[in-house]
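For reference, upload18.tsv (TSV, C-alpha atoms and all ligand atoms):
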```tsv
chain	number	residue	atom	x	y	z
R	15	MET	CA	-28.32	21.97	-7.48
R	16	ILE	CA	-27.63	19.82	-4.44
R	17	TYR	CA	-23.90	19.11	-4.52
R	18	ALA	CA	-23.07	15.75	-2.94
R	19	ASP	CA	-19.77	14.97	-4.65
R	20	ASN	CA	-17.18	16.57	-2.39
R	21	ALA	CA	-14.91	13.54	-2.63
R	22	ALA	CA	-14.50	14.33	-6.33
R	23	THR	CA	-13.81	17.99	-5.67
R	24	THR	CA	-14.96	20.77	-3.37
R	25	ARG	CA	-16.14	24.31	-3.87
R	26	MET	CA	-13.35	26.81	-3.24
R	27	SER	CA	-13.68	28.83	-0.06
R	28	GLU	CA	-14.29	32.56	-0.53
R	29	ALA	CA	-11.15	33.44	1.41
R	30	ALA	CA	-9.04	31.08	-0.74
R	31	MET	CA	-10.55	32.59	-3.90
R	32	GLN	CA	-9.85	36.13	-2.73
R	33	THR	CA	-6.26	35.19	-1.90
R	34	MET	CA	-5.78	33.61	-5.29
R	35	ILE	CA	-7.11	36.64	-7.16
R	36	SER	CA	-5.10	39.04	-5.06
R	37	VAL	CA	-1.82	37.14	-5.57
R	38	MET	CA	-2.45	36.84	-9.31
R	39	ARG	CA	-3.19	40.55	-9.57
R	40	GLU	CA	-0.61	42.02	-7.19
R	41	ASN	CA	2.18	39.49	-6.89
R	42	TYR	CA	2.83	37.97	-10.27
R	43	GLY	CA	6.62	38.16	-9.88
R	44	ASN	CA	8.65	34.99	-10.25
R	45	PRO	CA	9.73	33.79	-6.78
R	46	SER	CA	13.17	32.99	-8.22
R	47	SER	CA	13.77	36.58	-9.40
R	48	LEU	CA	16.19	38.53	-7.28
R	49	TYR	CA	14.56	41.97	-7.33
R	50	ALA	CA	12.16	42.96	-4.56
R	51	PHE	CA	9.00	42.23	-6.59
R	52	GLY	CA	10.12	38.64	-7.14
R	53	GLN	CA	11.25	38.28	-3.55
R	54	ARG	CA	7.77	39.32	-2.37
R	55	SER	CA	6.40	36.29	-4.27
R	56	LYS	CA	9.05	34.18	-2.59
R	57	GLU	CA	7.84	35.46	0.78
R	58	ILE	CA	4.23	34.57	-0.08
R	59	LEU	CA	5.39	31.08	-0.99
R	60	GLU	CA	7.35	30.62	2.23
R	61	GLU	CA	4.52	32.00	4.36
R	62	ALA	CA	2.21	29.43	2.75
R	63	ARG	CA	4.74	26.70	3.47
R	64	GLU	CA	4.89	27.74	7.12
R	65	THR	CA	1.10	27.71	7.38
R	66	VAL	CA	0.83	24.25	5.85
R	67	ALA	CA	3.66	22.98	8.07
R	68	ARG	CA	2.05	24.43	11.19
R	69	VAL	CA	-1.35	22.84	10.48
R	70	LEU	CA	0.29	19.50	9.76
R	71	GLY	CA	2.73	19.59	12.70
R	72	ALA	CA	5.66	19.48	10.29
R	73	ARG	CA	8.74	21.63	9.64
R	74	SER	CA	8.62	24.00	6.66
R	75	ARG	CA	11.44	22.24	4.84
R	76	GLU	CA	9.45	18.99	4.98
R	77	ILE	CA	6.71	20.43	2.72
R	78	ILE	CA	7.14	20.20	-1.07
R	79	PHE	CA	4.50	21.92	-3.19
R	80	THR	CA	3.25	19.83	-6.10
R	81	GLY	CA	0.59	19.85	-8.80
R	82	GLY	CA	-1.87	17.87	-6.63
R	83	GLY	CA	-2.55	14.52	-5.02
R	84	SER	CA	-1.68	12.34	-7.99
R	85	GLU	CA	1.71	13.97	-8.41
R	86	SER	CA	2.46	13.70	-4.69
R	87	ASP	CA	1.61	9.99	-4.71
R	88	ASN	CA	3.75	9.40	-7.81
R	89	GLN	CA	6.72	11.24	-6.35
R	90	ALA	CA	6.68	9.57	-2.94
R	91	ILE	CA	6.36	6.07	-4.38
R	92	ARG	CA	8.81	6.53	-7.26
R	93	SER	CA	11.37	8.13	-4.96
R	94	ALA	CA	11.15	5.35	-2.36
R	95	ALA	CA	11.32	2.75	-5.12
R	96	ALA	CA	14.41	4.29	-6.71
R	97	LEU	CA	16.18	4.38	-3.34
R	98	GLY	CA	15.06	0.82	-2.67
R	99	ARG	CA	16.50	-0.34	-5.97
R	100	GLU	CA	19.90	1.15	-5.01
R	101	LYS	CA	19.87	-1.09	-1.93
R	102	GLY	CA	18.54	-4.15	-3.74
R	103	LYS	CA	15.17	-3.80	-1.99
R	104	MET	CA	12.52	-4.16	-4.65
R	105	HIS	CA	9.38	-5.15	-2.77
R	106	ILE	CA	6.48	-2.80	-1.99
R	107	VAL	CA	3.43	-3.43	0.21
R	108	SER	CA	0.13	-1.68	-0.44
R	109	THR	CA	-3.59	-2.47	-0.46
R	110	ALA	CA	-6.14	-3.45	-3.08
R	111	PHE	CA	-8.29	-0.35	-2.64
R	112	GLU	CA	-5.79	2.47	-3.11
R	113	HIS	CA	-6.46	5.36	-5.46
R	114	HIS	CA	-5.34	4.78	-9.05
R	115	ALA	CA	-2.62	7.41	-8.52
R	116	VAL	CA	-1.02	4.76	-6.31
R	117	LEU	CA	-2.13	1.51	-7.98
R	118	HIS	CA	-1.13	2.53	-11.50
R	119	VAL	CA	2.34	3.61	-10.33
R	120	LEU	CA	2.72	0.22	-8.63
R	121	GLU	CA	1.65	-1.52	-11.85
R	122	ARG	CA	4.33	0.44	-13.73
R	123	LEU	CA	6.96	-0.43	-11.11
R	124	LYS	CA	6.07	-4.11	-11.50
R	125	LYS	CA	6.99	-3.84	-15.18
R	126	GLU	CA	10.26	-2.29	-14.02
R	127	GLY	CA	11.09	-5.34	-11.90
R	128	PHE	CA	9.51	-4.57	-8.53
R	129	GLU	CA	7.34	-7.02	-6.62
R	130	VAL	CA	4.16	-5.70	-5.07
R	131	THR	CA	2.04	-7.31	-2.35
R	132	LEU	CA	-1.49	-5.94	-2.06
R	133	VAL	CA	-2.87	-6.62	1.40
R	134	ASP	CA	-6.56	-7.53	1.54
R	135	VAL	CA	-9.18	-5.08	2.65
R	136	HIS	CA	-11.81	-6.68	4.90
R	137	SER	CA	-15.55	-6.44	4.25
R	138	ASP	CA	-15.73	-3.53	6.72
R	139	GLY	CA	-13.41	-1.55	4.42
R	140	LEU	CA	-10.51	-1.67	6.87
R	141	VAL	CA	-6.97	-2.94	6.50
R	142	ARG	CA	-5.58	-5.05	9.35
R	143	PRO	CA	-2.16	-3.84	10.61
R	144	GLU	CA	-1.06	-7.39	11.44
R	145	GLU	CA	-1.66	-8.37	7.81
R	146	VAL	CA	0.52	-5.48	6.67
R	147	GLU	CA	3.20	-6.71	9.06
R	148	ALA	CA	2.90	-10.27	7.75
R	149	ALA	CA	3.45	-9.00	4.20
R	150	LEU	CA	6.77	-7.31	5.06
R	151	ARG	CA	9.96	-8.94	3.78
R	152	GLU	CA	13.69	-8.32	4.14
R	153	ASP	CA	13.62	-6.56	0.76
R	154	THR	CA	10.54	-4.37	1.38
R	155	CYS	CA	11.42	-0.74	0.63
R	156	LEU	CA	8.02	0.91	1.06
R	157	VAL	CA	4.56	0.48	2.54
R	158	THR	CA	1.84	2.72	1.10
R	159	VAL	CA	-1.65	2.71	2.63
R	160	MET	CA	-4.24	5.44	2.18
R	161	PHE	CA	-5.43	7.42	5.21
R	162	ALA	CA	-9.09	7.41	4.20
R	163	ASN	CA	-10.67	5.77	1.19
R	164	ASN	CA	-12.19	8.05	-1.44
R	165	GLU	CA	-15.13	5.78	-2.33
R	166	ILE	CA	-16.26	4.19	0.90
R	167	GLY	CA	-14.77	6.71	3.32
R	168	THR	CA	-13.20	4.24	5.73
R	169	VAL	CA	-10.38	5.64	7.89
R	170	GLN	CA	-7.45	3.26	8.21
R	171	PRO	CA	-5.37	2.40	11.32
R	172	ILE	CA	-2.51	4.59	10.10
R	173	ARG	CA	-0.82	4.89	13.50
R	174	GLU	CA	-0.61	1.12	13.99
R	175	ILE	CA	0.64	0.53	10.45
R	176	GLY	CA	3.18	3.34	10.80
R	177	GLU	CA	4.47	1.93	14.08
R	178	ILE	CA	5.02	-1.45	12.45
R	179	CYS	CA	6.91	0.17	9.57
R	180	ARG	CA	9.08	2.20	11.92
R	181	ARG	CA	9.89	-0.86	14.02
R	182	ARG	CA	10.84	-2.80	10.90
R	183	GLY	CA	12.79	0.09	9.31
R	184	VAL	CA	10.53	0.38	6.26
R	185	LEU	CA	9.46	3.72	4.73
R	186	PHE	CA	5.75	4.48	5.09
R	187	HIS	CA	3.69	6.65	2.72
R	188	THR	CA	0.05	7.56	3.20
R	189	ASP	CA	-2.27	9.18	0.67
R	190	ALA	CA	-4.13	11.57	2.98
R	191	VAL	CA	-5.97	13.40	0.19
R	192	GLN	CA	-9.43	12.53	1.54
R	193	ALA	CA	-8.48	12.96	5.19
R	194	LEU	CA	-6.66	16.27	5.40
R	195	GLY	CA	-8.93	19.14	6.36
R	196	HIS	CA	-11.73	16.73	7.34
R	197	ILE	CA	-10.34	14.70	10.25
R	198	PRO	CA	-7.28	15.34	12.46
R	199	VAL	CA	-4.00	14.62	10.65
R	200	ARG	CA	-0.71	15.56	12.35
R	201	VAL	CA	2.66	14.19	11.37
R	202	ASP	CA	4.22	15.15	14.72
R	203	ASP	CA	1.82	12.64	16.21
R	204	LEU	CA	1.94	9.92	13.54
R	205	PRO	CA	4.78	7.69	12.37
R	206	VAL	CA	4.58	8.49	8.64
R	207	ASP	CA	7.49	9.33	6.34
R	208	PHE	CA	5.55	10.63	3.34
R	209	LEU	CA	2.05	12.10	3.16
R	210	SER	CA	0.18	13.27	0.05
R	211	ALA	CA	-2.43	16.03	-0.01
R	212	SER	CA	-4.46	17.93	-2.59
R	213	ALA	CA	-5.92	21.44	-2.18
R	214	HIS	CA	-9.14	20.92	-4.16
R	215	LYS	CA	-10.31	18.27	-1.70
R	216	PHE	CA	-10.35	20.80	1.17
R	217	HIS	CA	-11.90	23.85	-0.53
R	218	GLY	CA	-8.69	25.02	-2.17
R	219	PRO	CA	-7.92	25.31	-5.90
R	220	LYS	CA	-7.40	22.43	-8.35
R	221	GLY	CA	-3.98	21.51	-9.68
R	222	VAL	CA	-2.07	22.19	-6.49
R	223	GLY	CA	-1.14	20.06	-3.51
R	224	PHE	CA	1.84	19.08	-1.44
R	225	LEU	CA	3.95	16.19	-0.35
R	226	TYR	CA	5.24	15.92	3.20
R	227	ALA	CA	8.61	14.17	3.37
R	228	ARG	CA	10.04	13.63	6.83
R	229	GLN	CA	13.40	15.29	7.45
R	230	GLY	CA	16.23	12.88	6.89
R	231	VAL	CA	14.25	10.81	4.38
R	232	ARG	CA	15.63	11.38	0.88
R	233	LEU	CA	13.18	12.55	-1.74
R	234	LEU	CA	14.05	12.42	-5.43
R	235	PRO	CA	12.44	14.79	-7.93
R	236	LEU	CA	9.82	13.56	-10.38
R	237	ILE	CA	10.20	16.69	-12.49
R	238	GLU	CA	13.71	17.90	-13.18
R	239	GLY	CA	14.79	21.35	-14.26
R	240	GLY	CA	15.32	24.39	-12.08
R	241	ALA	CA	16.23	24.34	-8.41
R	242	GLN	CA	12.76	25.21	-7.10
R	243	GLU	CA	11.53	23.41	-3.96
R	244	ARG	CA	15.18	22.79	-3.00
R	245	GLY	CA	15.72	20.67	-6.09
R	246	ARG	CA	12.84	18.34	-5.33
R	247	ARG	CA	10.28	19.75	-7.80
R	248	ALA	CA	11.35	21.87	-10.75
R	249	GLY	CA	9.17	24.50	-12.38
R	250	THR	CA	8.03	28.03	-11.56
R	251	GLU	CA	5.82	27.77	-8.50
R	252	ASN	CA	2.04	28.18	-8.68
R	253	THR	CA	2.23	31.05	-6.19
R	254	ALA	CA	-1.45	32.02	-6.29
R	255	GLY	CA	-2.65	28.44	-6.00
R	256	ILE	CA	-0.23	27.65	-3.20
R	257	ALA	CA	-1.19	30.76	-1.21
R	258	ALA	CA	-4.88	29.90	-1.67
R	259	MET	CA	-4.25	26.30	-0.59
R	260	ALA	CA	-2.64	27.51	2.64
R	261	VAL	CA	-5.62	29.75	3.37
R	262	ALA	CA	-8.07	26.92	2.69
R	263	LEU	CA	-6.12	24.51	4.90
R	264	GLN	CA	-5.87	27.00	7.75
R	265	GLU	CA	-9.62	27.61	7.52
R	266	ALA	CA	-10.38	23.89	7.43
R	267	ALA	CA	-8.18	23.32	10.47
R	268	GLU	CA	-9.81	26.13	12.44
R	269	HIS	CA	-13.32	24.79	11.84
R	270	LEU	CA	-12.50	21.08	11.73
R	271	GLY	CA	-14.27	19.98	14.89
R	272	GLU	CA	-17.55	21.83	14.40
R	273	ARG	CA	-17.73	21.06	10.66
R	274	ALA	CA	-16.99	17.37	11.19
R	275	GLU	CA	-19.67	17.12	13.86
R	276	LYS	CA	-22.32	18.82	11.73
R	277	THR	CA	-21.35	16.86	8.62
R	278	ALA	CA	-21.40	13.54	10.49
R	279	ARG	CA	-24.88	14.28	11.76
R	280	LEU	CA	-26.10	14.84	8.19
R	281	ARG	CA	-24.23	11.74	7.05
R	282	ASP	CA	-25.96	9.60	9.66
R	283	ARG	CA	-29.33	11.09	8.69
R	284	LEU	CA	-28.67	10.04	5.07
R	285	ILE	CA	-27.50	6.58	6.14
R	286	ARG	CA	-30.60	6.05	8.29
R	287	GLY	CA	-32.92	7.20	5.51
R	288	LEU	CA	-31.32	5.21	2.71
R	289	SER	CA	-31.09	2.07	4.86
R	290	GLU	CA	-34.90	1.85	4.61
R	291	ILE	CA	-34.57	0.89	0.94
R	292	PRO	CA	-35.03	-2.90	0.63
R	293	HIS	CA	-31.99	-4.99	-0.34
R	294	CYS	CA	-29.31	-2.37	0.10
R	295	ALA	CA	-26.11	-2.24	2.14
R	296	LEU	CA	-23.86	0.47	3.50
R	297	ASN	CA	-20.32	0.12	2.18
R	298	GLY	CA	-17.61	0.41	4.80
R	299	ASP	CA	-17.53	0.57	8.56
R	300	PRO	CA	-20.21	2.90	9.98
R	301	VAL	CA	-17.88	4.27	12.69
R	302	HIS	CA	-14.37	4.42	11.22
R	303	ARG	CA	-15.44	6.58	8.30
R	304	LEU	CA	-15.09	10.15	7.07
R	305	PRO	CA	-17.73	12.56	8.39
R	306	GLY	CA	-18.93	13.34	4.85
R	307	ASN	CA	-19.04	9.90	3.20
R	308	VAL	CA	-22.18	7.87	2.47
R	309	SER	CA	-21.70	4.84	0.21
R	310	PHE	CA	-24.36	2.28	-0.62
R	311	CYS	CA	-24.94	-0.68	-2.90
R	312	PHE	CA	-28.46	-1.40	-4.14
R	313	GLU	CA	-29.37	-4.74	-5.63
R	314	GLY	CA	-30.94	-4.90	-9.07
R	315	ILE	CA	-29.95	-1.50	-10.42
R	316	GLU	CA	-27.12	0.14	-12.38
R	317	GLY	CA	-25.30	2.92	-10.53
R	318	GLU	CA	-24.91	4.90	-13.75
R	319	SER	CA	-28.66	5.03	-14.38
R	320	LEU	CA	-29.23	6.05	-10.78
R	321	LEU	CA	-26.76	8.90	-11.17
R	322	LEU	CA	-28.30	10.18	-14.38
R	323	LEU	CA	-31.79	10.19	-12.92
R	324	LEU	CA	-30.54	11.95	-9.78
R	325	ASP	CA	-28.84	14.48	-12.04
R	326	ASP	CA	-32.22	15.14	-13.71
R	327	ARG	CA	-33.49	16.02	-10.24
R	328	GLY	CA	-30.58	18.39	-9.65
R	329	ILE	CA	-28.55	16.12	-7.39
R	330	ALA	CA	-24.83	15.72	-8.14
R	331	ALA	CA	-23.55	12.40	-6.77
R	332	SER	CA	-21.18	9.66	-7.85
R	333	SER	CA	-20.97	5.95	-8.43
R	334	GLY	CA	-17.51	4.55	-7.93
R	335	SER	CA	-14.77	7.16	-8.27
R	336	ALA	CA	-14.77	9.98	-10.81
R	337	CYS	CA	-11.73	8.43	-12.46
R	338	THR	CA	-13.48	5.15	-13.21
R	339	SER	CA	-16.88	6.54	-14.17
R	340	GLY	CA	-17.32	6.18	-17.90
R	341	SER	CA	-15.84	2.69	-17.82
R	342	LEU	CA	-18.04	-0.34	-17.35
R	343	ASP	CA	-15.77	-2.09	-14.87
R	344	PRO	CA	-17.21	-2.04	-11.37
R	345	SER	CA	-15.21	-0.13	-8.79
R	346	HIS	CA	-12.01	-1.89	-7.68
R	347	VAL	CA	-12.72	-0.60	-4.17
R	348	LEU	CA	-16.11	-2.32	-3.93
R	349	LEU	CA	-14.65	-5.52	-5.37
R	350	ALA	CA	-11.83	-5.28	-2.80
R	351	ILE	CA	-14.32	-5.30	0.09
R	352	GLY	CA	-15.96	-8.38	-1.38
R	353	ARG	CA	-18.96	-7.02	-3.26
R	354	VAL	CA	-19.79	-9.28	-6.21
R	355	HIS	CA	-19.85	-7.66	-9.69
R	356	ASP	CA	-23.62	-7.24	-9.96
R	357	VAL	CA	-23.92	-5.66	-6.53
R	358	ALA	CA	-20.85	-3.45	-7.04
R	359	HIS	CA	-22.50	-2.07	-10.19
R	360	GLY	CA	-25.40	-0.72	-8.18
R	361	SER	CA	-23.38	1.70	-6.08
R	362	LEU	CA	-23.95	5.26	-4.98
R	363	ARG	CA	-21.51	7.60	-3.24
R	364	LEU	CA	-22.74	10.77	-1.63
R	365	SER	CA	-19.96	12.95	-0.27
R	366	ILE	CA	-21.26	15.95	1.58
R	367	ASP	CA	-20.00	18.89	3.59
R	368	GLU	CA	-21.50	20.87	6.45
R	369	THR	CA	-23.28	23.32	4.13
R	370	LEU	CA	-25.87	20.67	3.19
R	371	THR	CA	-29.17	21.38	4.92
R	372	GLU	CA	-31.41	18.80	6.58
R	373	GLU	CA	-34.08	19.58	3.96
R	374	GLU	CA	-31.57	18.82	1.20
R	375	ALA	CA	-30.57	15.59	2.93
R	376	ASP	CA	-34.23	14.59	3.08
R	377	GLU	CA	-34.68	15.49	-0.57
R	378	ILE	CA	-31.74	13.25	-1.45
R	379	ILE	CA	-33.27	10.38	0.55
R	380	SER	CA	-36.69	10.63	-1.09
R	381	SER	CA	-35.18	11.03	-4.58
R	382	VAL	CA	-32.93	7.99	-4.18
R	383	LYS	CA	-35.84	5.93	-2.85
R	384	GLU	CA	-38.04	6.88	-5.81
R	385	VAL	CA	-35.35	6.42	-8.44
R	386	VAL	CA	-34.24	3.04	-7.07
R	387	ALA	CA	-37.88	1.80	-7.06
R	388	TYR	CA	-38.40	3.17	-10.58
R	389	LEU	CA	-35.27	1.49	-11.97
R	390	ARG	CA	-36.09	-1.82	-10.30
R	391	GLY	CA	-39.52	-1.61	-11.92
R	392	PHE	CA	-38.12	-2.56	-15.31
R	393	SER	CA	-34.91	-4.35	-14.35
R	394	PRO	CA	-34.82	-8.02	-15.49
R	395	VAL	CA	-32.18	-8.67	-12.82
R	396	TRP	CA	-34.56	-7.38	-10.15
R	397	ARG	CA	-37.43	-9.47	-11.56
R	398	ASP	CA	-35.30	-12.61	-11.22
R	399	LEU	CA	-34.36	-11.66	-7.66
R	400	GLU	CA	-37.95	-11.00	-6.67
R	401	SER	CA	-39.28	-14.18	-8.29
R	402	GLY	CA	-36.65	-16.20	-6.44
R	403	LYS	CA	-35.00	-17.31	-9.67
R	404	THR	CA	-31.75	-15.90	-8.32
R	405	PRO	CA	-31.18	-15.46	-4.61
R	406	HIS	CA	-30.88	-12.05	-2.98
R	407	ILE	CA	-27.40	-11.24	-1.73
R	408	LEU	CA	-28.19	-8.08	0.19
S	501	LIG	C1	-8.59	13.00	-5.47
S	501	LIG	C2	-7.64	12.00	-4.96
S	501	LIG	C3	-6.34	11.89	-5.48
S	501	LIG	C4	-5.89	12.70	-6.66
S	501	LIG	O1	-5.69	14.06	-6.34
S	501	LIG	P1	-5.59	15.11	-7.51
S	501	LIG	O2	-5.23	16.38	-6.83
S	501	LIG	O3	-6.93	15.16	-8.17
S	501	LIG	O4	-4.50	14.64	-8.43
S	501	LIG	C5	-5.49	10.96	-4.93
S	501	LIG	N1	-5.88	10.18	-3.90
S	501	LIG	C6	-7.11	10.27	-3.36
S	501	LIG	C7	-7.48	9.39	-2.22
S	501	LIG	C8	-8.04	11.17	-3.88
S	501	LIG	O5	-9.25	11.23	-3.36
```

Would you give me this structure, written as structure tokens?
Amino acid sequence: MIYADNAATTRMSEAAMQTMISVMRENYGNPSSLYAFGQRSKEILEEARETVARVLGARSREIIFTGGGSESDNQAIRSAAALGREKGKMHIVSTAFEHHAVLHVLERLKKEGFEVTLVDVHSDGLVRPEEVEAALREDTCLVTVMFANNEIGTVQPIREIGEICRRRGVLFHTDAVQALGHIPVRVDDLPVDFLSASAHKFHGPKGVGFLYARQGVRLLPLIEGGAQERGRRAGTENTAGIAAMAVALQEAAEHLGERAEKTARLRDRLIRGLSEIPHCALNGDPVHRLPGNVSFCFEGIEGESLLLLLDDRGIAASSGSACTSGSLDPSHVLLAIGRVHDVAHGSLRLSIDETLTEEEADEIISSVKEVVAYLRGFSPVWRDLESGKTPHIL
């Protein structure tokens, strides 16, 4: 199999897997237990916290372990909203192409009386900081903008947006799930108050992640119960998963530069090859994008059919995000950058890492070319486009 769906999830690193097994086997004590065996688990947990904090440029106490990216997003947004409500500030600014772990929380908050402004995303897949600033109001309690988009891979001007928020005294959250471990992300260098991350997107295990919450910024728990995570996240800690996440993050940080360079070279090879297909378009800015993201729209085909036929050839890719596949609605991200429905339906996302070989990249290119031509061969939509009955858009 050629795996080209790293934005959905990644393969666990060997070192992370070994750590996980070893902690499960040797250190199954509860970190809250007072005897030495439990305290050893507590040490493992705190060592992992220090590692994560060091990589991120944070302080240990600013890291809260969670059950993954979705939970971190929920907690940051819900906490900021609850504190905003106390002060009579019930307006939140975000963007139209956030992950559903952000958008669906905002929808829920709207039902609870909040007002939400979604700033436009331009056709290059980038948010404009000045438009975020223009959306701010006296009663804005939070701005939440993702670091890098999971479908089209565009990397947002987080520093500029953060600086605006800081100047205006508004809390700023960024969903950095796609960015962390792939491009440089340091909170000692960026004006962010909350940052969400998920281990399985950087070769760690599934079901574990963390939330960074800047010191001095109050964070309310989403899950109440015991006093774990200093009262900010109840429940017995996933010690093995957390230790493995720290190992995976450390590894990703150590190899970041070389991996990003190699991955970007393969990405650009894929982009060059696929661009030869008639009536297609790259989604998102070619420069401000993740090293591993390739996203295209092809006229006259259905992304789902393309995926299934690629699967038959042993290629695992995606159309839209994993969360929306299975539904017939086109991706909200592609609609947000201005793709019309028909074009948005014909999308393909390849998300690769540095282990892909050039031969595999070339195999992907030739397979996509063949499958797109095959599907267009019996597509009535394509026939109308080719006969001039409907005009080409791409
Ligand atoms: C995967 C992803 C999430 C969700 O993370 P989980 O750990 O799967 O809950 C949130 N945001 C973005 C941008 C993602 O890519």

* Would you name the residues within 9 Å of ligand LIG 501 (chain S), counting all atoms listed in the file, and put them as number ranges by chain? -> R: 21-23, 81-87, 112-116, 160-165, 189-193, 210-215, 220-223, 335-337

* Counting only C-alpha atoms, the residue of R:Glu272, R:Asp343, R:Glu57, R:Glu28 that sits nearest R:His196 ->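 When distances to R:His196 are compared using only C-alpha atoms, the smallest one comes from R:Glu272.
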
* Asked: Of the candidates R:Lys383, R:His302, R:Arg75, R:Lys403, which one gets nearest to R:Gln170 if we count all atoms listed in the file?
  ->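 Smallest distance to R:Gln170 is found for R:His302.
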
Could you give me, as a Markdown table, every stretch 233-274 of chain R residue with an atom at most 8 Å from stretch 59-68 of chain R, plus its closest atom pair and distance in Å to one decimal, counting all atoms listed in the file, rows ordered by chain then number?
```
| residue | atom | partner | partner_atom | distance |
| --- | --- | --- | --- | --- |
| R:Thr253 | CA | R:Leu59 | CA | 6.1 |
| R:Ile256 | CA | R:Ala62 | CA | 6.7 |
| R:Ala257 | CA | R:Ala62 | CA | 5.4 |
| R:Met259 | CA | R:Ala62 | CA | 7.9 |
| R:Ala260 | CA | R:Ala62 | CA | 5.2 |
| R:Val261 | CA | R:Ala62 | CA | 7.9 |
| R:Leu263 | CA | R:Val66 | CA | 7.0 |
| R:Gln264 | CA | R:Thr65 | CA | 7.0 |
```

* May I have the residues within 9 Å of stretch 395-398 of chain R as a ChimeraX atom specification, using only C-alpha atoms and disregarding those fewer than 5 positions away in the same chain? => /R:313-315,390,403-405

Mind giving me the axis-aligned box for stretch 129-132 of chain R with 6 Å on every side, centre plus edges in Å to one decimal, as JSON?
```
{"center_x": 2.9, "center_y": -6.5, "center_z": -4.3, "size_x": 20.8, "size_y": 13.6, "size_z": 16.6}
```

* To do: Pick out the residues sitting within 12 Å of R:Asp325, and hand them over as a PyMOL selection string; count all atoms listed in the file, and ignore anything fewer than 4 positions along from it in its own chain.
  => chain R and resi 15-19+318-321+329-332+378+381-382+385

Export of prior selection with C-alpha atoms as a tab-separated table (two decimals), keeping the file's coordinate frame:
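Output (result-v6.tsv):
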```
chain	number	residue	atom	x	y	z
R	15	MET	CA	-28.32	21.97	-7.48
R	16	ILE	CA	-27.63	19.82	-4.44
R	17	TYR	CA	-23.90	19.11	-4.52
R	18	ALA	CA	-23.07	15.75	-2.94
R	19	ASP	CA	-19.77	14.97	-4.65
R	318	GLU	CA	-24.91	4.90	-13.75
R	319	SER	CA	-28.66	5.03	-14.38
R	320	LEU	CA	-29.23	6.05	-10.78
R	321	LEU	CA	-26.76	8.90	-11.17
R	329	ILE	CA	-28.55	16.12	-7.39
R	330	ALA	CA	-24.83	15.72	-8.14
R	331	ALA	CA	-23.55	12.40	-6.77
R	332	SER	CA	-21.18	9.66	-7.85
R	378	ILE	CA	-31.74	13.25	-1.45
R	381	SER	CA	-35.18	11.03	-4.58
R	382	VAL	CA	-32.93	7.99	-4.18
R	385	VAL	CA	-35.35	6.42	-8.44
```

* Asked: Could you pull the residues within 6 Å of stretch 89-100 of chain R, counting all atoms listed in the file, minus those fewer than 5 positions along the same chain, as a VMD selection string?
  -> chain R and resid 155 233 to 234 236

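When all atoms listed in the file are used to measure the gap to R:Ala254, the shortest distance among R:Lys56, R:Arg200, R:His136, R:Arg353 belongs to R:Lys56.
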
* Asked: Which residue out of R:Glu265, R:Gly218, R:Pro300, R:Ala295 has the minimum interatomic distance to R:Arg25 when only C-alpha atoms are used?
  ->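 The shortest atom-to-atom distance to R:Arg25 comes from R:Gly218.
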
* **Using all atoms listed in the file: which of R:Leu185, R:Leu204, R:Leu150, R:Leu70 has the shortest distance to R:Arg232** =>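 Selected residue with least distance to R:Arg232: R:Leu185.
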
* Contacts of R:Asn20 at 6 Å or less, counting only C-alpha atoms, minus same-chain residues fewer than 4 places along, as a list of chain:residue names? ->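 Residues near the query, excluding close chain neighbours: R:Thr24, R:Ser365, R:Ile366.
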
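The gap separating atom CA of R:Leu132 from atom CA of R:His118 is 12.7 Å, in Å to one decimal.
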
* Asked: Closest to R:Cys179 among R:Val199, R:Asp367, R:Arg247, R:Thr158, using all atoms listed in the file?
  ->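 Ranked by minimum distance to R:Cys179, first place goes to R:Thr158.
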
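A search radius of 10 Å centred on (11.3, -5.5, -8.0), applied to all atoms listed in the file, returns the residues R:Ala95, R:Gly98, R:Arg99, R:Gly102, R:Lys103, R:Met104, R:His105, R:Ile106, R:Leu123, R:Lys124, R:Lys125, R:Glu126, R:Gly127, R:Phe128, R:Glu129, R:Val130, R:Asp153, R:Thr154, R:Cys155.
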
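For the atom pair formed by atom CA of R:Gln53 and atom CA of R:Gly239, the distance is 20.3 Å, given to one decimal.
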
* To do: Work out how far apart atom CA of R:Ser309 and atom CA of R:Ser361 are and give it in Å to one decimal.
  =>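 Atom CA of R:Ser309 sits 7.2 Å away from atom CA of R:Ser361.
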